[in-house]
Amino acid sequence: MAAEGAQLAGLVEEFVAGQADSKAADVAEGTLSFYRWLSLTSSQAQTRGRGVQLLSEVLQECYSSLSEREVEVLIAFYENRLKDHYAITPHVLRGLKALAKSSVLPPGSAVSMLKSLFQDVHVQSLMLAERSSVYNMLISLMESREEELKGLGPDFVFGFVQAVDGERDPRNLLLAFQIARNIIHRGYDLSQFTEELFEVTSCYFPIDFTPPPNDPHGITHEDLILALRGVLTGTPRFAEFLLPLIIEKLDSDVQNAKVDSLQTLAACSPVYGHKELAEFLPGLWSSIRREVFQTASERVESAGLAALGALTSSLSRSVLTSDSEDALQVFLELVLKDCKHHLCEPDLKLVWPSAKLLQAASGASYRSSLIVTAEVLPALLEQYSSRTQCAQRRTLLEVLHGFIQPTPSSRPAEGEETVLLPFQKPLCSAVFSALAESSAGLQITATKVLTTLGQQPGLLADSDVEMTVDHLTRLVLEEEDAQVSLAVVESIGSLSRLHPAAFASRMIPRLKDEIFSDDSSPSQGWSKGAARQRCVTALASVSTEPGLVQQSAPVLLEVLASVHAGSSSFSVEDVTSVCHSLQRIAEQARGSEDIGRFFHDVIIPRLLGMALQAALQSKSSVTCCFLLFCAVLLHFRLATQMAVQVVSLFLNGDVSFLPENAYPSQIQLLKSQSESWNQSQLVCLLMACVCSLPRSVDIPDMDRLLGQLEELSCMCTHTFSYTSGAKCFAGLINKRAAGRALDAVVEKTLERIRATLDCESSAQRIQAFTLLVWVAKALLLRYHPLSTVFTDKLFSLLSDAELGSQAADSFSLLMSDSSDVLNRGCHADVRIMYRQRFFAENSAKLIEGFTSAEKDKKSVYLKALSHMVNNLPRQVQLTELPALLPLLLEALSCPDQAVQLSTLSCLQPVLLDPPPALTTQLEALFSRLLSLTSSPSMKVRIAALRCVHALSRLPEHQVLPFRARVLRALAAPLDDKKRLVRKEAVSARGEWFLLGSPGGR
């Protein structure tokens, strides 16, 4: 023990003497009593300071292990040292900060510490770190000794005000605002120092702070704004100081100051009562009105409307008494007086700001909506009936729409009537008259108003609902304007949920009649086809409830049955529209058990049945191509049952679940012989069914199914069939559980693919290559170890004379998202960052292959590399571009237009924010891009012009030397025979023409 004590004493002496600054941790681990150091009686301030510094640093490490008696002695020691030389004060404060976090602070010690601190230390004369120690000490004591601090009364607030007055550092301001917020919200006694606390914090309002570049502390402008706002809006006692300050700051020309002031007003309104607000309401309203009427900034306007809504909401909560006026009524009279008359002038620009202000006030509460609606709606309806111009009526109807949309705050409570009930008849009359007009804009607005009315209980009587359905049906049948049709479809989808009976009885039968009607003359054929497709779309939109689906879906199936039966009444576009509508019905009803069961029992079996009959009869039926959209949409709760049925159909020819069971007994849908391509192409439906299932669904006879799919993929000569078979095989491989069974299947398939590809005389090389690509993608997505074997085989094929170009294109498939299989929507196993991983592991192979390849084979490697880079995330592109830039520039000179287009697509987004490596290659880049503006390919010309346009955004001193050259080169594309090329040329040349000129960029 004596030896340990001597050693520890030596460490202390070394530190105090300034010989070692790293001894504090060693001392903290020692066993010497603290009292050994407390007799710091040296006459040298520096020596005493070093002793206190050592003690404070030790306390940072071991304050939690001190006893109450030790803490008491240390606090007394530190309080005494606060009166010592000013050079010692920083070390004392760090020690006190450590002690403030102790859990065994003696009673009364917190008050003693603060009294000494406030009395003996001028905080703002300290350095930043010491000021931070003071604020952190206050925060710690407020957390652990709140009642003691409150016992100081207003002296604590006064001491804090003195300590924080003049603080400028944003890190310390966040701490100071936290203390001030705690003082306000935790009930500390402000007394006569209320104004002082407000002044010492409000002097920073509004916050004007821009964090320095690469700020390691991460303090943002928004952090300071929110922290200060929490202080200023914390107590109604600040109202008399804050509200005049807000009115003053709203006169600022700085947009951020206006927004901050308005947002602060919105935040304090719920805290302040009507008594605190009453005196300042005229001034606040005047400022808000000015900002909304005159501002050109959407941010300021939005903040002003939010502030008005918050004020109105606060006033709505005022309690009415017999001897006081209604503060809400008084305030809304101000708003109505200044805004209402503008609504009667629909041609003037103030109608919209006035409408927005009134709508913000109306939507703030149920009470305010009663007052504003009673004043505004009669005036608007009167104006609407007196105006004859469609533009004016549309404006009035749009304004009216804003008032009838309920907000969460203005909705009536249970037992209360909607504020619009007294205006039910005139509103419906105005809307129905607008729907009968010929103006498309008026019809669109009226449709939106009608939808809003129909969604509010009690506003549409039964007769109004019937008239609504009739109007919407008429617009579907007669109105060809695309925007009107879109608005009508949206309205049908919203209202059919609320009034299904009316739509079932009045709309669906009329749509069916129109779809199957043949009364169209040749001159009206296009209009008839367009009306039929609108009806089909409307049927999908109206199918929101099980009863409606059971009426609408059979109509769509009947169309497909008519086509299947050989009817010439329906076009390919009609069939496509029907399939998309069935898809939409299934998508919007995924959560419905009843609709899911209906699809499973009726829709999908009939679709499969029609497709199978078409295939058996060798009909080139267009339905086979589009049924994919429908079959993929299985109801997940029924997925297992459907998987069993579909797999049994394709493997065993089991047609028992299909309607109209009139099929041959031996059906082999996965046959690979050339004469059966009509049947084999149905594998796309198998893919749609089984590859879209969740991974948790077990697929029966998996090994047998994979074997037949492999056989089909390798032996079938029909392109669509063997491609669909390969995709289905890959989709199943991707989801199959890892293990020996999966590895065995993959290795067997790989051997077959290798054998076929290595035989250059084989007639099935393209089939084997297609299977190779899709299985490689399936394994790559899930990080399967065997994926590298497949991708290495693809690399080897880049030098193949027959398959080299296709192998290069396959890298685009590997790196991009697939729309119908192997995507997250189909529940595929897709690991994050698989693209980056694949690029990192294989880009060097491409570069090496390009370097060693013969001249006529180099373009293949460039194409593969371009596809890889083009599909990388932009940030990765920017990182990799310096190393790849020479090859990408080489790719722009490649005669292969696919390589050019892929490279240009990769470069364009990078050029918007180019890395330094790119700016050193501008000469080569401009030469290649300008030559491509005259490419034979329109897509290449457009992409090159977009890249040239993007280069104009580079720093002026870098691109100005190329200006004359670019303008000469862009003259030719201005006369290009393709309009899209001319459009890009005009846009690019305009930017380059303004470059460097007065008034230009």
# chains A, B, ... in the order shown; residues from 1 in each chain; ligands from 1
>>> residues_around(residues="Gln533 of chain A", least_positions_apart="5", cutoff="9 Å", atoms="only C-alpha atoms", output="PyMOL selection string")
chain A and resi 515+528+538+573-574+577-578
>>> residues_around(residues="Gln383 of chain A", least_positions_apart="2", cutoff="10 Å", atoms="only C-alpha atoms", output="VMD selection string")
chain A and resid 343 to 346 377 to 381 385 to 388 392 to 393 396
>>> closest_residue(among="A:His401, A:Lys983, A:Arg229, A:Arg299", to="Val259 of chain A", atoms="only C-alpha atoms")
A:Arg299
>>> select_by_dssp(residues="segment 247-358 of chain A", states="helix (DSSP H, G or I)", output="MDAnalysis selection string")
chainID A and resid 247:249 255:268 274:278 281:294 298:316 327:344 351:358
>>> closest_residue(among="A:Phe729, A:Phe516, A:Tyr78, A:Phe238", to="Val563 of chain A", atoms="only C-alpha atoms")
A:Phe516
>>> residues_around(residues="Glu991 of chain A", least_positions_apart="2", cutoff="12 Å", atoms="only C-alpha atoms", output="mmCIF file with C-alpha atoms, in the first residue's frame")
data_model
loop_
_atom_site.group_PDB
_atom_site.id
_atom_site.type_symbol
_atom_site.label_atom_id
_atom_site.label_comp_id
_atom_site.auth_asym_id
_atom_site.auth_seq_id
_atom_site.Cartn_x
_atom_site.Cartn_y
_atom_site.Cartn_z
ATOM 1 C CA LEU A 945 -27.997 17.186 -77.382
ATOM 2 C CA ARG A 946 -29.104 16.730 -73.774
ATOM 3 C CA VAL A 948 -24.339 19.211 -74.621
ATOM 4 C CA HIS A 949 -27.101 21.136 -72.864
ATOM 5 C CA ALA A 950 -25.952 19.811 -69.481
ATOM 6 C CA LEU A 951 -22.370 20.928 -70.190
ATOM 7 C CA SER A 952 -23.567 24.546 -70.411
ATOM 8 C CA ARG A 953 -24.149 24.426 -66.640
ATOM 9 C CA LEU A 954 -20.466 23.943 -65.906
ATOM 10 C CA GLU A 956 -18.394 29.599 -67.207
ATOM 11 C CA VAL A 959 -16.866 26.001 -71.089
ATOM 12 C CA LEU A 960 -16.735 29.513 -72.574
ATOM 13 C CA ARG A 963 -19.073 28.371 -77.048
ATOM 14 C CA VAL A 966 -20.895 24.446 -79.978
ATOM 15 C CA LEU A 967 -23.129 27.090 -81.545
ATOM 16 C CA LEU A 970 -25.932 23.036 -83.055
ATOM 17 C CA GLU A 984 -33.698 19.562 -77.763
ATOM 18 C CA ALA A 985 -31.475 21.539 -80.139
ATOM 19 C CA VAL A 986 -33.389 24.767 -79.501
ATOM 20 C CA SER A 987 -33.189 24.274 -75.752
ATOM 21 C CA ALA A 988 -29.454 23.489 -75.792
ATOM 22 C CA ARG A 989 -28.503 26.238 -78.241
ATOM 23 C CA PHE A 993 -26.117 31.387 -76.792
ATOM 24 C CA LEU A 994 -26.731 33.156 -73.459
ATOM 25 C CA LEU A 995 -23.477 31.845 -71.995
ATOM 26 C CA GLY A 996 -21.119 34.734 -71.287
ATOM 27 C CA SER A 997 -23.475 37.383 -72.662
ATOM 28 C CA GLY A 999 -28.012 39.180 -68.833
ATOM 29 C CA GLY A 1000 -27.079 35.543 -69.377
ATOM 30 C CA ARG A 1001 -26.253 32.964 -66.784
#
>>> residues_around(residues="Cys684 of chain A", least_positions_apart="2", cutoff="8 Å", atoms="only C-alpha atoms", output="list in words")
Leu628, Gln681, Leu682, Leu686, Met687, Ala688, Ser721, Ser724, Gly725 and Cys728 of chain A
>>> atom_distance(atom1="atom CA of Trp774 of chain A", atom2="atom CA of Leu794 of chain A")
11.2 Å
>>> residues_around(residues="Arg928 of chain A", least_positions_apart="5", cutoff="8 Å", atoms="only C-alpha atoms", output="VMD selection string")
chain A and resid 889 892 to 893
>>> write_last_selection(atoms="N, CA and C atoms", output="short mmCIF file (atom, residue, chain, number, x, y, z; two decimals), in the first residue's frame")
data_model
loop_
_atom_site.label_atom_id
_atom_site.label_comp_id
_atom_site.auth_asym_id
_atom_site.auth_seq_id
_atom_site.Cartn_x
_atom_site.Cartn_y
_atom_site.Cartn_z
N LEU A 889 -15.34 7.49 -72.91
CA LEU A 889 -15.09 8.34 -74.07
C LEU A 889 -14.84 7.48 -75.30
N LEU A 892 -18.11 6.35 -76.73
CA LEU A 892 -18.82 7.33 -77.56
C LEU A 892 -18.35 7.29 -79.01
N SER A 893 -17.12 6.80 -79.24
CA SER A 893 -16.61 6.69 -80.61
C SER A 893 -16.92 5.34 -81.23
#
>>> residues_around(residues="Ser713 of chain A", least_positions_apart="3", cutoff="9 Å", atoms="only C-alpha atoms", output="JSON list (two decimals) with N, CA, C and O atoms, in the first residue's frame")
[["chain", "number", "residue", "atom", "x", "y", "z"],
["A", 672, "SER", "N", -42.25, -29.08, -75.81],
["A", 672, "SER", "CA", -41.28, -28.21, -76.46],
["A", 672, "SER", "C", -41.26, -28.35, -77.98],
["A", 672, "SER", "O", -40.50, -27.70, -78.66],
["A", 708, "GLN", "N", -39.24, -29.80, -66.15],
["A", 708, "GLN", "CA", -39.96, -29.56, -67.39],
["A", 708, "GLN", "C", -39.73, -28.15, -67.91],
["A", 708, "GLN", "O", -39.68, -27.93, -69.12],
["A", 709, "LEU", "N", -39.61, -27.19, -66.99],
["A", 709, "LEU", "CA", -39.31, -25.82, -67.43],
["A", 709, "LEU", "C", -37.93, -25.74, -68.06],
["A", 709, "LEU", "O", -37.72, -25.04, -69.05],
["A", 710, "GLU", "N", -36.96, -26.45, -67.48],
["A", 710, "GLU", "CA", -35.61, -26.48, -68.07],
["A", 710, "GLU", "C", -35.65, -27.08, -69.47],
["A", 710, "GLU", "O", -35.04, -26.57, -70.41],
["A", 716, "CYS", "N", -37.37, -25.74, -76.80],
["A", 716, "CYS", "CA", -38.43, -25.10, -77.58],
["A", 716, "CYS", "C", -37.82, -24.11, -78.57],
["A", 716, "CYS", "O", -36.84, -23.42, -78.26],
["A", 717, "THR", "N", -38.40, -24.02, -79.76],
["A", 717, "THR", "CA", -37.88, -23.10, -80.78],
["A", 717, "THR", "C", -38.67, -21.81, -80.86],
["A", 717, "THR", "O", -38.29, -20.90, -81.60],
["A", 721, "SER", "N", -41.98, -18.56, -75.98],
["A", 721, "SER", "CA", -42.16, -19.69, -75.08],
["A", 721, "SER", "C", -40.89, -20.00, -74.30],
["A", 721, "SER", "O", -40.92, -20.14, -73.07],
["A", 722, "TYR", "N", -39.74, -20.12, -75.02],
["A", 722, "TYR", "CA", -38.53, -20.49, -74.27],
["A", 722, "TYR", "C", -38.04, -19.34, -73.39],
["A", 722, "TYR", "O", -37.45, -19.58, -72.33],
["A", 723, "THR", "N", -38.32, -18.11, -73.78],
["A", 723, "THR", "CA", -37.95, -16.99, -72.91],
["A", 723, "THR", "C", -38.81, -16.98, -71.65],
["A", 723, "THR", "O", -38.30, -16.80, -70.53],
["A", 724, "SER", "N", -40.13, -17.16, -71.81],
["A", 724, "SER", "CA", -41.01, -17.22, -70.64],
["A", 724, "SER", "C", -40.67, -18.40, -69.76],
["A", 724, "SER", "O", -40.72, -18.31, -68.51],
["A", 725, "GLY", "N", -40.31, -19.54, -70.37],
["A", 725, "GLY", "CA", -39.91, -20.69, -69.58],
["A", 725, "GLY", "C", -38.66, -20.42, -68.76],
["A", 725, "GLY", "O", -38.56, -20.80, -67.59],
["A", 726, "ALA", "N", -37.67, -19.76, -69.38],
["A", 726, "ALA", "CA", -36.45, -19.42, -68.66],
["A", 726, "ALA", "C", -36.73, -18.46, -67.51],
["A", 726, "ALA", "O", -36.17, -18.59, -66.40],
["A", 727, "LYS", "N", -37.60, -17.50, -67.72],
["A", 727, "LYS", "CA", -37.94, -16.54, -66.68],
["A", 727, "LYS", "C", -38.68, -17.22, -65.54],
["A", 727, "LYS", "O", -38.44, -16.92, -64.35],
["A", 729, "PHE", "N", -38.43, -20.43, -64.72],
["A", 729, "PHE", "CA", -37.43, -21.26, -64.05],
["A", 729, "PHE", "C", -36.59, -20.40, -63.11],
["A", 729, "PHE", "O", -36.35, -20.77, -61.95],
["A", 767, "GLN", "N", -31.21, -20.64, -76.98],
["A", 767, "GLN", "CA", -32.07, -21.02, -75.85],
["A", 767, "GLN", "C", -31.23, -21.21, -74.59],
["A", 767, "GLN", "O", -31.61, -20.75, -73.50],
["A", 768, "ALA", "N", -30.11, -21.87, -74.71],
["A", 768, "ALA", "CA", -29.24, -22.09, -73.55],
["A", 768, "ALA", "C", -28.70, -20.77, -73.03],
["A", 768, "ALA", "O", -28.59, -20.56, -71.81],
["A", 770, "THR", "N", -30.21, -17.82, -73.24],
["A", 770, "THR", "CA", -31.31, -17.13, -72.56],
["A", 770, "THR", "C", -31.51, -17.68, -71.16],
["A", 770, "THR", "O", -31.67, -16.92, -70.18],
["A", 771, "LEU", "N", -31.46, -19.01, -71.01],
["A", 771, "LEU", "CA", -31.60, -19.62, -69.69],
["A", 771, "LEU", "C", -30.42, -19.22, -68.80],
["A", 771, "LEU", "O", -30.60, -18.94, -67.60]]
>>> residues_around(residues="Val71 of chain A", least_positions_apart="6", cutoff="12 Å", atoms="only C-alpha atoms", output="ChimeraX atom specification")
/A:34-35,59,62-65,77-78,95-96,98-107,109-110,113
>>> write_last_selection(atoms="C-alpha atoms", output="PDB file, in the first residue's frame")
ATOM      1  CA  PHE A  34      -8.799  12.667  -2.618  1.00  0.00           C
ATOM      2  CA  TYR A  35      -7.968  14.535   0.552  1.00  0.00           C
ATOM      3  CA  LEU A  59     -13.627  13.656 -11.244  1.00  0.00           C
ATOM      4  CA  CYS A  62     -14.982   8.707 -11.226  1.00  0.00           C
ATOM      5  CA  TYR A  63     -17.678  11.118 -10.011  1.00  0.00           C
ATOM      6  CA  SER A  64     -20.189   8.276  -9.840  1.00  0.00           C
ATOM      7  CA  SER A  65     -18.140   6.365  -7.215  1.00  0.00           C
ATOM      8  CA  PHE A  77     -13.381  23.164  -1.954  1.00  0.00           C
ATOM      9  CA  TYR A  78     -14.514  24.177  -5.441  1.00  0.00           C
ATOM     10  CA  GLY A  95     -15.032  19.928 -11.645  1.00  0.00           C
ATOM     11  CA  LEU A  96     -18.382  21.372 -10.632  1.00  0.00           C
ATOM     12  CA  ALA A  98     -18.775  16.569 -12.947  1.00  0.00           C
ATOM     13  CA  LEU A  99     -20.043  16.849  -9.386  1.00  0.00           C
ATOM     14  CA  ALA A 100     -23.439  18.128 -10.605  1.00  0.00           C
ATOM     15  CA  LYS A 101     -23.977  14.746 -12.230  1.00  0.00           C
ATOM     16  CA  SER A 102     -23.400  12.863  -8.983  1.00  0.00           C
ATOM     17  CA  SER A 103     -26.350  10.920  -7.608  1.00  0.00           C
ATOM     18  CA  VAL A 104     -25.343  11.577  -3.985  1.00  0.00           C
ATOM     19  CA  LEU A 105     -25.384  15.361  -3.936  1.00  0.00           C
ATOM     20  CA  PRO A 106     -25.988  16.448  -0.295  1.00  0.00           C
ATOM     21  CA  PRO A 107     -29.195  18.426   0.373  1.00  0.00           C
ATOM     22  CA  SER A 109     -25.480  21.654  -2.214  1.00  0.00           C
ATOM     23  CA  ALA A 110     -27.143  22.468  -5.567  1.00  0.00           C
ATOM     24  CA  MET A 113     -23.129  25.701  -5.998  1.00  0.00           C
TER      25      MET A 113
END
